[in-house]
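Q: Here you go, this is model.cif (mmCIF, C-alpha atoms and all ligand atoms).
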```
data_work
#
loop_
_atom_site.group_PDB
_atom_site.id
_atom_site.type_symbol
_atom_site.label_atom_id
_atom_site.label_comp_id
_atom_site.auth_asym_id
_atom_site.auth_seq_id
_atom_site.Cartn_x
_atom_site.Cartn_y
_atom_site.Cartn_z
ATOM 1 C CA MET Y 96 -11.598 -16.563 -33.569
ATOM 2 C CA THR Y 97 -9.527 -15.376 -36.505
ATOM 3 C CA HIS Y 98 -6.571 -13.888 -34.628
ATOM 4 C CA ASP Y 99 -3.317 -15.717 -34.828
ATOM 5 C CA LEU Y 100 -1.803 -16.570 -31.416
ATOM 6 C CA TYR Y 101 1.409 -14.621 -32.004
ATOM 7 C CA GLU Y 102 -0.571 -11.619 -33.148
ATOM 8 C CA ILE Y 103 -2.623 -11.762 -29.935
ATOM 9 C CA ILE Y 104 0.513 -12.116 -27.779
ATOM 10 C CA HIS Y 105 2.006 -8.984 -29.288
ATOM 11 C CA ARG Y 106 -1.269 -7.041 -29.384
ATOM 12 C CA ARG Y 107 -1.967 -7.635 -25.668
ATOM 13 C CA ARG Y 108 -1.511 -4.479 -23.620
ATOM 14 C CA ASP Y 109 -1.889 -3.454 -20.022
ATOM 15 C CA VAL Y 110 -4.850 -1.074 -20.220
ATOM 16 C CA ARG Y 111 -5.523 1.896 -17.956
ATOM 17 C CA ALA Y 112 -6.972 4.803 -19.949
ATOM 18 C CA GLU Y 113 -8.852 3.110 -22.786
ATOM 19 C CA PHE Y 114 -11.702 1.373 -20.930
ATOM 20 C CA THR Y 115 -15.137 2.461 -22.196
ATOM 21 C CA GLY Y 116 -17.258 0.938 -19.405
ATOM 22 C CA GLU Y 117 -19.591 -0.665 -21.939
ATOM 23 C CA PRO Y 118 -21.325 -3.900 -20.869
ATOM 24 C CA LEU Y 119 -19.470 -7.172 -21.070
ATOM 25 C CA ASP Y 120 -21.447 -10.116 -22.339
ATOM 26 C CA ASP Y 121 -21.741 -12.972 -19.800
ATOM 27 C CA ALA Y 122 -20.871 -15.552 -22.454
ATOM 28 C CA VAL Y 123 -17.639 -13.675 -23.231
ATOM 29 C CA LEU Y 124 -16.751 -13.401 -19.544
ATOM 30 C CA ASP Y 125 -17.384 -17.118 -19.273
ATOM 31 C CA ARG Y 126 -15.032 -17.831 -22.174
ATOM 32 C CA ILE Y 127 -12.157 -15.824 -20.747
ATOM 33 C CA LEU Y 128 -12.593 -17.363 -17.278
ATOM 34 C CA THR Y 129 -12.722 -20.815 -18.875
ATOM 35 C CA ALA Y 130 -9.432 -20.012 -20.633
ATOM 36 C CA ALA Y 131 -7.911 -18.910 -17.306
ATOM 37 C CA HIS Y 132 -9.167 -22.077 -15.625
ATOM 38 C CA ALA Y 133 -7.513 -24.204 -18.360
ATOM 39 C CA ALA Y 134 -4.030 -23.058 -17.303
ATOM 40 C CA PRO Y 135 -1.343 -25.547 -16.328
ATOM 41 C CA SER Y 136 -0.704 -25.882 -12.592
ATOM 42 C CA VAL Y 137 1.818 -27.632 -10.400
ATOM 43 C CA GLY Y 138 0.542 -31.107 -9.426
ATOM 44 C CA MET Y 139 -2.712 -30.071 -11.142
ATOM 45 C CA SER Y 140 -3.433 -28.154 -7.965
ATOM 46 C CA GLN Y 141 -5.427 -25.415 -9.791
ATOM 47 C CA PRO Y 142 -4.756 -23.103 -6.837
ATOM 48 C CA TRP Y 143 -6.616 -20.101 -8.263
ATOM 49 C CA ASP Y 144 -10.058 -18.588 -7.659
ATOM 50 C CA PHE Y 145 -11.652 -15.709 -9.539
ATOM 51 C CA ILE Y 146 -13.760 -13.033 -7.834
ATOM 52 C CA VAL Y 147 -15.754 -11.024 -10.368
ATOM 53 C CA VAL Y 148 -16.223 -7.553 -8.876
ATOM 54 C CA ARG Y 149 -19.035 -5.395 -10.260
ATOM 55 C CA ASP Y 150 -20.212 -3.641 -7.094
ATOM 56 C CA GLU Y 151 -19.487 0.085 -7.521
ATOM 57 C CA SER Y 152 -18.963 0.637 -3.796
ATOM 58 C CA LEU Y 153 -16.302 -2.089 -3.693
ATOM 59 C CA LYS Y 154 -14.609 -0.625 -6.771
ATOM 60 C CA LYS Y 155 -14.687 2.861 -5.224
ATOM 61 C CA ALA Y 156 -13.240 1.651 -1.923
ATOM 62 C CA PHE Y 157 -10.477 -0.218 -3.747
ATOM 63 C CA HIS Y 158 -9.747 2.794 -5.923
ATOM 64 C CA GLU Y 159 -9.339 5.033 -2.864
ATOM 65 C CA HIS Y 160 -6.840 2.548 -1.472
ATOM 66 C CA VAL Y 161 -4.973 2.416 -4.809
ATOM 67 C CA ARG Y 162 -4.761 6.228 -4.871
ATOM 68 C CA HIS Y 163 -3.256 6.188 -1.414
ATOM 69 C CA GLU Y 164 -0.697 3.528 -2.394
ATOM 70 C CA ARG Y 165 0.122 5.512 -5.511
ATOM 71 C CA ASP Y 166 0.977 8.449 -3.235
ATOM 72 C CA VAL Y 167 3.102 6.161 -1.051
ATOM 73 C CA PHE Y 168 5.137 5.124 -4.100
ATOM 74 C CA ALA Y 169 5.298 8.678 -5.482
ATOM 75 C CA ALA Y 170 6.808 9.830 -2.177
ATOM 76 C CA THR Y 171 9.780 7.524 -2.809
ATOM 77 C CA LEU Y 172 10.598 9.335 -6.084
ATOM 78 C CA SER Y 173 12.294 12.615 -6.769
ATOM 79 C CA GLY Y 174 13.334 14.828 -9.678
ATOM 80 C CA ASP Y 175 12.831 13.475 -13.171
ATOM 81 C CA ALA Y 176 11.366 10.137 -12.047
ATOM 82 C CA ALA Y 177 8.756 11.928 -9.913
ATOM 83 C CA ASP Y 178 7.766 14.115 -12.897
ATOM 84 C CA ARG Y 179 7.479 11.134 -15.223
ATOM 85 C CA PHE Y 180 5.480 9.080 -12.712
ATOM 86 C CA ALA Y 181 3.060 11.969 -12.190
ATOM 87 C CA ARG Y 182 2.001 11.647 -15.840
ATOM 88 C CA ILE Y 183 1.379 7.889 -15.708
ATOM 89 C CA LYS Y 184 -2.088 6.491 -15.046
ATOM 90 C CA ILE Y 185 -1.739 3.298 -13.023
ATOM 91 C CA ASP Y 186 -5.279 1.911 -13.008
ATOM 92 C CA GLY Y 187 -8.667 1.897 -14.689
ATOM 93 C CA VAL Y 188 -10.636 0.631 -11.700
ATOM 94 C CA LEU Y 189 -13.498 3.123 -12.009
ATOM 95 C CA GLU Y 190 -13.655 3.264 -15.814
ATOM 96 C CA SER Y 191 -13.542 -0.468 -16.582
ATOM 97 C CA THR Y 192 -16.733 -2.537 -16.804
ATOM 98 C CA LEU Y 193 -15.722 -4.956 -14.068
ATOM 99 C CA SER Y 194 -12.736 -6.358 -12.262
ATOM 100 C CA ILE Y 195 -11.523 -9.877 -11.657
ATOM 101 C CA VAL Y 196 -9.485 -10.595 -8.551
ATOM 102 C CA VAL Y 197 -7.355 -13.721 -8.855
ATOM 103 C CA THR Y 198 -6.320 -15.484 -5.663
ATOM 104 C CA HIS Y 199 -3.899 -18.241 -4.722
ATOM 105 C CA ASP Y 200 -4.663 -21.013 -2.239
ATOM 106 C CA PRO Y 201 -1.385 -22.606 -1.051
ATOM 107 C CA GLU Y 202 -3.321 -25.515 0.520
ATOM 108 C CA ARG Y 203 -5.183 -26.522 -2.647
ATOM 109 C CA GLY Y 204 -4.344 -30.069 -3.756
ATOM 110 C CA GLY Y 205 -2.238 -30.595 -0.624
ATOM 111 C CA PRO Y 206 -0.599 -31.810 1.459
ATOM 112 C CA ALA Y 207 1.441 -33.655 -1.202
ATOM 113 C CA VAL Y 208 1.412 -31.373 -4.232
ATOM 114 C CA LEU Y 209 3.279 -33.250 -6.943
ATOM 115 C CA GLY Y 210 6.202 -31.096 -8.079
ATOM 116 C CA ARG Y 211 6.028 -28.480 -5.339
ATOM 117 C CA HIS Y 212 8.033 -30.102 -2.554
ATOM 118 C CA ALA Y 213 11.179 -28.108 -3.379
ATOM 119 C CA ILE Y 214 9.664 -24.898 -4.757
ATOM 120 C CA ALA Y 215 6.891 -23.428 -2.641
ATOM 121 C CA ASP Y 216 6.347 -20.635 -5.188
ATOM 122 C CA ALA Y 217 5.309 -23.109 -7.907
ATOM 123 C CA GLY Y 218 1.689 -22.650 -6.783
ATOM 124 C CA LEU Y 219 1.983 -18.912 -7.264
ATOM 125 C CA TYR Y 220 3.523 -19.437 -10.707
ATOM 126 C CA SER Y 221 0.440 -21.489 -11.585
ATOM 127 C CA ALA Y 222 -1.927 -18.676 -10.576
ATOM 128 C CA CYS Y 223 0.075 -16.299 -12.780
ATOM 129 C CA LEU Y 224 -0.335 -18.639 -15.739
ATOM 130 C CA ALA Y 225 -4.099 -18.523 -15.231
ATOM 131 C CA ILE Y 226 -3.839 -14.731 -15.323
ATOM 132 C CA GLN Y 227 -1.843 -14.800 -18.554
ATOM 133 C CA ASN Y 228 -4.405 -17.151 -20.157
ATOM 134 C CA LEU Y 229 -7.154 -14.764 -19.101
ATOM 135 C CA TRP Y 230 -5.247 -11.765 -20.466
ATOM 136 C CA LEU Y 231 -4.609 -13.363 -23.863
ATOM 137 C CA ALA Y 232 -8.177 -14.689 -24.161
ATOM 138 C CA ALA Y 233 -9.503 -11.202 -23.360
ATOM 139 C CA THR Y 234 -7.224 -9.753 -26.037
ATOM 140 C CA ALA Y 235 -8.563 -12.302 -28.532
ATOM 141 C CA GLU Y 236 -12.051 -11.065 -27.610
ATOM 142 C CA ASP Y 237 -10.926 -7.457 -28.313
ATOM 143 C CA LEU Y 238 -11.201 -6.593 -24.624
ATOM 144 C CA GLY Y 239 -8.699 -4.844 -22.398
ATOM 145 C CA VAL Y 240 -7.176 -6.003 -19.107
ATOM 146 C CA GLY Y 241 -5.200 -3.893 -16.646
ATOM 147 C CA TRP Y 242 -3.275 -5.461 -13.744
ATOM 148 C CA VAL Y 243 -3.339 -3.303 -10.627
ATOM 149 C CA SER Y 244 -0.826 -4.089 -7.897
ATOM 150 C CA PHE Y 245 -0.882 -0.832 -5.928
ATOM 151 C CA TYR Y 246 -2.580 -2.424 -2.911
ATOM 152 C CA ARG Y 247 -1.852 -4.121 0.375
ATOM 153 C CA GLU Y 248 -2.980 -7.736 0.448
ATOM 154 C CA GLU Y 249 -4.576 -7.342 3.886
ATOM 155 C CA PHE Y 250 -6.772 -4.501 2.619
ATOM 156 C CA LEU Y 251 -8.048 -6.513 -0.336
ATOM 157 C CA ARG Y 252 -8.568 -9.634 1.763
ATOM 158 C CA GLU Y 253 -10.712 -7.655 4.169
ATOM 159 C CA LEU Y 254 -12.624 -5.783 1.422
ATOM 160 C CA LEU Y 255 -13.668 -8.925 -0.462
ATOM 161 C CA GLY Y 256 -13.931 -11.361 2.447
ATOM 162 C CA ILE Y 257 -11.074 -13.515 1.183
ATOM 163 C CA PRO Y 258 -10.421 -16.262 3.773
ATOM 164 C CA ASP Y 259 -7.231 -16.290 5.838
ATOM 165 C CA GLY Y 260 -4.409 -18.140 4.126
ATOM 166 C CA ILE Y 261 -5.668 -17.330 0.635
ATOM 167 C CA ARG Y 262 -3.608 -14.703 -1.091
ATOM 168 C CA PRO Y 263 -4.904 -12.123 -3.555
ATOM 169 C CA VAL Y 264 -2.493 -12.202 -6.506
ATOM 170 C CA ALA Y 265 -3.985 -9.637 -8.867
ATOM 171 C CA TRP Y 266 -6.742 -7.095 -9.300
ATOM 172 C CA LEU Y 267 -7.507 -7.151 -13.019
ATOM 173 C CA CYS Y 268 -9.626 -4.391 -14.537
ATOM 174 C CA ALA Y 269 -11.418 -5.760 -17.601
ATOM 175 C CA GLY Y 270 -13.859 -4.770 -20.298
ATOM 176 C CA PRO Y 271 -14.386 -3.175 -23.689
ATOM 177 C CA VAL Y 272 -11.823 -0.583 -24.763
ATOM 178 C CA SER Y 273 -11.685 2.186 -27.344
ATOM 179 C CA ARG Y 274 -8.394 0.729 -28.593
ATOM 180 C CA LEU Y 275 -5.289 -1.121 -27.489
ATOM 181 C CA GLN Y 276 -2.148 1.007 -27.577
ATOM 182 C CA GLU Y 277 0.620 -0.292 -29.818
ATOM 183 C CA VAL Y 278 3.367 0.788 -27.415
ATOM 184 C CA PRO Y 279 3.180 -0.024 -23.671
ATOM 185 C CA ASP Y 280 2.200 3.001 -21.553
ATOM 186 C CA LEU Y 281 5.415 2.921 -19.535
ATOM 187 C CA GLU Y 282 7.456 3.054 -22.733
ATOM 188 C CA ARG Y 283 5.314 5.866 -24.189
ATOM 189 C CA HIS Y 284 5.847 7.885 -21.021
ATOM 190 C CA GLY Y 285 9.603 7.327 -21.026
ATOM 191 C CA TRP Y 286 9.534 5.299 -17.792
ATOM 192 C CA ARG Y 287 11.161 2.148 -19.092
ATOM 193 C CA ASN Y 288 11.741 0.394 -22.411
ATOM 194 C CA ARG Y 289 11.429 -3.229 -23.411
ATOM 195 C CA ARG Y 290 14.751 -5.002 -22.933
ATOM 196 C CA PRO Y 291 16.125 -6.546 -26.135
ATOM 197 C CA LEU Y 292 15.726 -10.326 -26.331
ATOM 198 C CA GLU Y 293 19.456 -10.651 -27.082
ATOM 199 C CA LEU Y 294 20.202 -9.436 -23.540
ATOM 200 C CA ALA Y 295 17.757 -11.892 -21.987
ATOM 201 C CA ARG Y 296 18.905 -14.894 -24.006
ATOM 202 C CA HIS Y 297 21.771 -17.039 -22.705
ATOM 203 C CA GLU Y 298 23.322 -20.179 -24.136
ATOM 204 C CA ASP Y 299 24.154 -23.105 -21.840
ATOM 205 C CA ARG Y 300 25.328 -20.902 -18.931
ATOM 206 C CA TRP Y 301 24.329 -17.447 -17.633
HETATM 207 C C1 LIG Y 401 2.638 -8.416 -11.716
HETATM 208 C C2 LIG Y 401 2.244 -7.180 -12.476
HETATM 209 C C3 LIG Y 401 1.779 -6.069 -11.790
HETATM 210 C C4 LIG Y 401 1.423 -4.898 -12.478
HETATM 211 N N1 LIG Y 401 0.913 -3.835 -11.799
HETATM 212 C C5 LIG Y 401 0.521 -2.739 -12.467
HETATM 213 C C6 LIG Y 401 -0.088 -1.636 -11.803
HETATM 214 O O1 LIG Y 401 -0.305 -1.639 -10.596
HETATM 215 N N2 LIG Y 401 -0.453 -0.569 -12.525
HETATM 216 C C7 LIG Y 401 -0.239 -0.505 -13.869
HETATM 217 O O2 LIG Y 401 -0.594 0.504 -14.493
HETATM 218 N N3 LIG Y 401 0.302 -1.541 -14.547
HETATM 219 C C8 LIG Y 401 0.676 -2.645 -13.880
HETATM 220 N N4 LIG Y 401 1.216 -3.710 -14.565
HETATM 221 C C9 LIG Y 401 1.385 -3.618 -16.020
HETATM 222 C C10 LIG Y 401 2.814 -3.363 -16.464
HETATM 223 O O3 LIG Y 401 3.183 -2.028 -16.201
HETATM 224 C C11 LIG Y 401 2.885 -3.677 -17.973
HETATM 225 O O4 LIG Y 401 2.636 -5.036 -18.157
HETATM 226 C C12 LIG Y 401 4.249 -3.330 -18.560
HETATM 227 O O5 LIG Y 401 4.476 -1.952 -18.474
HETATM 228 C C13 LIG Y 401 4.341 -3.764 -20.048
HETATM 229 O O6 LIG Y 401 3.270 -3.209 -20.768
HETATM 230 P P1 LIG Y 401 2.263 -4.130 -21.574
HETATM 231 O O7 LIG Y 401 1.631 -5.091 -20.595
HETATM 232 O O8 LIG Y 401 1.250 -3.195 -22.191
HETATM 233 O O9 LIG Y 401 3.063 -4.875 -22.599
HETATM 234 C C14 LIG Y 401 1.564 -4.860 -13.887
HETATM 235 C C15 LIG Y 401 2.010 -6.003 -14.581
HETATM 236 C C16 LIG Y 401 2.346 -7.156 -13.886
HETATM 237 C C17 LIG Y 401 2.804 -8.365 -14.666
#
```
Step by step, read the file and then write its structure as structure tokens.

A:
Amino acid sequence: MTHDLYEIIHRRRDVRAEFTGEPLDDAVLDRILTAAHAAPSVGMSQPWDFIVVRDESLKKAFHEHVRHERDVFAATLSGDAADRFARIKIDGVLESTLSIVVTHDPERGGPAVLGRHAIADAGLYSACLAIQNLWLAATAEDLGVGWVSFYREEFLRELLGIPDGIRPVAWLCAGPVSRLQEVPDLERHGWRNRRPLELARHEDRW
């Protein structure tokens, strides 16, 4: 891999429209899942699982649900925001080669998860770190990833047979892309801009 880590961090994009649907080599998929699985986790609980979804009927059913949830959100908007949202594509479920659903098991490594006694969400943070590892590794492999969160957890649990108590955290579309955009889609469509670091940075106190 010749890409510098910082270059990969800044090149990473959330992809919706650029998926080509070309095949994804099993060895590459294995590498990005291995990177995800190498993430840090509270108490080394490794509370994540990865469901690789290739079945077209599952993808279609999920996409229908996403379209419905898109409409639910659109109904909360009016005026300029509604017009801008109408132009934004929010998923590449049907166009991407495959999807990876990442789940969180709050019982994993329990009952005494070292470092989680005061912060229940620390398990969820860990699952998100696995997702970020996956996203960066995929970028290093010149692949695209698109996080889709327009879904109800119950629907996804039912669709994929996810056991009770285990929480779907993300539906990630993944695969080869024609290109990665330089500017995030939401910025290009005038929805929201990146906040300057100076506003996010504090010294000693908030
Ligand atoms: C938790 C989470 C959920 C997201 N859900 C969606 C989604 O449902 N649809 C979508 O198009 N993008 C989704 N995104 C992508 C963000 O819109 C994107 O990360 C942000 O606009 C910045 O763009 P960039 O990732 O290309 O830098 C999600 C990102 C995160 C971290």

Q: Quote the spacing between atom CA of Ala269 of chain Y and atom CA of Leu119 of chain Y in Å to one decimal place.

A: 8.9 Å

Q: Step by step, measure atom-to-atom distances between ligand LIG 401 (chain Y) and each residue using only C-alpha atoms and all ligand atoms, keep those at most 7 Å, then write them as a PyMOL selection string.

A: chain Y and resi 107-111+184-186+241-245+278-281

Q: Which residues are near Gly210 of chain Y? Cut-off 10 Å, all atoms listed in the file, ignore same chain within fewer than 4 positions. Put them as a list in words.

A: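 Neighbouring residues, sequence-local ones excluded: Ser136, Val137, Gly138, Met139, Ile214, Ala215, Ala217 and Gly218 of chain Y.
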
Q: Apply the PyMOL selection byres (((chain Y and resi 247-252) around 9) and not hetatm) to the displayed file and report the matching residues as an MDAnalysis selection string.

A: chainID Y and resid 157 160:161 164 244:246 253:259 261:264

Q: Can you tell me how far atom CA of Asp144 of chain Y sits from atom CA of Gly116 of chain Y, in Å to one decimal?

A: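 Computing the Euclidean distance for atom CA of Asp144 of chain Y and atom CA of Gly116 of chain Y yields 23.9 Å.
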
Q: Could you check how far atom CA of Ser273 of chain Y sits from atom CA of Gln227 of chain Y, in Å to one decimal?

A: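 Going from atom CA of Ser273 of chain Y over to atom CA of Gln227 of chain Y covers 21.5 Å.
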
Q: Given 3 Å on each side, where is the centre and what are the edge lengths in Å to one decimal of the axis-aligned box enclosing the listed atoms of segment 144-157 of chain Y, as JSON?

A:
```
{"center_x": -15.1, "center_y": -7.9, "center_z": -6.1, "size_x": 16.2, "size_y": 27.4, "size_z": 14.4}
```

Q: Place a sphere of radius 12 Å on (-7.5, -25.2, -7.5) in the file coordinates and name every protein, DNA or RNA residue with an atom inside or on its surface, counting only C-alpha atoms; give the answer as an MDAnalysis selection string.

A: chainID Y and resid 131:145 197:205 208 218:219 221:222 225 261

Q: Please rebuild segment 165-193 of chain Y with N, CA and C atoms and return the result as a short mmCIF file (atom, residue, chain, number, x, y, z; two decimals), keeping the file's coordinate frame.

A:
```
data_model
loop_
_atom_site.label_atom_id
_atom_site.label_comp_id
_atom_site.auth_asym_id
_atom_site.auth_seq_id
_atom_site.Cartn_x
_atom_site.Cartn_y
_atom_site.Cartn_z
N ARG Y 165 -0.59 4.77 -4.46
CA ARG Y 165 0.12 5.51 -5.51
C ARG Y 165 0.93 6.64 -4.87
N ASP Y 166 0.29 7.35 -3.94
CA ASP Y 166 0.98 8.45 -3.24
C ASP Y 166 2.18 7.92 -2.44
N VAL Y 167 2.00 6.75 -1.83
CA VAL Y 167 3.10 6.16 -1.05
C VAL Y 167 4.30 5.93 -1.97
N PHE Y 168 4.03 5.38 -3.16
CA PHE Y 168 5.14 5.12 -4.10
C PHE Y 168 5.72 6.45 -4.62
N ALA Y 169 4.83 7.39 -4.93
CA ALA Y 169 5.30 8.68 -5.48
C ALA Y 169 6.24 9.37 -4.50
N ALA Y 170 5.98 9.18 -3.20
CA ALA Y 170 6.81 9.83 -2.18
C ALA Y 170 8.23 9.27 -2.16
N THR Y 171 8.43 8.11 -2.78
CA THR Y 171 9.78 7.52 -2.81
C THR Y 171 10.59 8.07 -4.00
N LEU Y 172 9.94 8.84 -4.87
CA LEU Y 172 10.60 9.34 -6.08
C LEU Y 172 10.99 10.79 -5.94
N SER Y 173 11.95 11.19 -6.75
CA SER Y 173 12.29 12.62 -6.77
C SER Y 173 12.73 12.99 -8.18
N GLY Y 174 12.82 14.29 -8.42
CA GLY Y 174 13.33 14.83 -9.68
C GLY Y 174 12.58 14.32 -10.89
N ASP Y 175 13.36 13.89 -11.89
CA ASP Y 175 12.83 13.48 -13.17
C ASP Y 175 11.85 12.29 -13.05
N ALA Y 176 12.22 11.32 -12.21
CA ALA Y 176 11.37 10.14 -12.05
C ALA Y 176 10.01 10.55 -11.48
N ALA Y 177 10.01 11.46 -10.52
CA ALA Y 177 8.76 11.93 -9.91
C ALA Y 177 7.89 12.61 -10.98
N ASP Y 178 8.51 13.41 -11.84
CA ASP Y 178 7.77 14.12 -12.90
C ASP Y 178 7.17 13.12 -13.88
N ARG Y 179 7.98 12.12 -14.25
CA ARG Y 179 7.48 11.13 -15.22
C ARG Y 179 6.35 10.31 -14.62
N PHE Y 180 6.52 9.90 -13.35
CA PHE Y 180 5.48 9.08 -12.71
C PHE Y 180 4.17 9.86 -12.59
N ALA Y 181 4.27 11.14 -12.35
CA ALA Y 181 3.06 11.97 -12.19
C ALA Y 181 2.18 11.93 -13.44
N ARG Y 182 2.77 11.66 -14.58
CA ARG Y 182 2.00 11.65 -15.84
C ARG Y 182 1.43 10.27 -16.17
N ILE Y 183 1.78 9.26 -15.36
CA ILE Y 183 1.38 7.89 -15.71
C ILE Y 183 0.13 7.47 -14.94
N LYS Y 184 -0.88 7.02 -15.68
CA LYS Y 184 -2.09 6.49 -15.05
C LYS Y 184 -1.81 5.04 -14.67
N ILE Y 185 -2.14 4.65 -13.45
CA ILE Y 185 -1.74 3.30 -13.02
C ILE Y 185 -2.94 2.35 -12.81
N ASP Y 186 -4.13 2.82 -13.12
CA ASP Y 186 -5.28 1.91 -13.01
C ASP Y 186 -6.48 2.45 -13.77
N GLY Y 187 -7.40 1.51 -14.07
CA GLY Y 187 -8.67 1.90 -14.69
C GLY Y 187 -9.81 1.31 -13.90
N VAL Y 188 -9.66 1.31 -12.58
CA VAL Y 188 -10.64 0.63 -11.70
C VAL Y 188 -12.05 1.20 -11.88
N LEU Y 189 -12.16 2.52 -11.94
CA LEU Y 189 -13.50 3.12 -12.01
C LEU Y 189 -14.07 3.11 -13.43
N GLU Y 190 -13.20 3.16 -14.42
CA GLU Y 190 -13.66 3.26 -15.81
C GLU Y 190 -13.98 1.91 -16.44
N SER Y 191 -13.35 0.84 -15.94
CA SER Y 191 -13.54 -0.47 -16.58
C SER Y 191 -14.91 -1.04 -16.20
N THR Y 192 -15.40 -1.96 -17.02
CA THR Y 192 -16.73 -2.54 -16.80
C THR Y 192 -16.79 -3.34 -15.51
N LEU Y 193 -15.77 -4.15 -15.30
CA LEU Y 193 -15.72 -4.96 -14.07
C LEU Y 193 -14.27 -5.27 -13.74
#
```
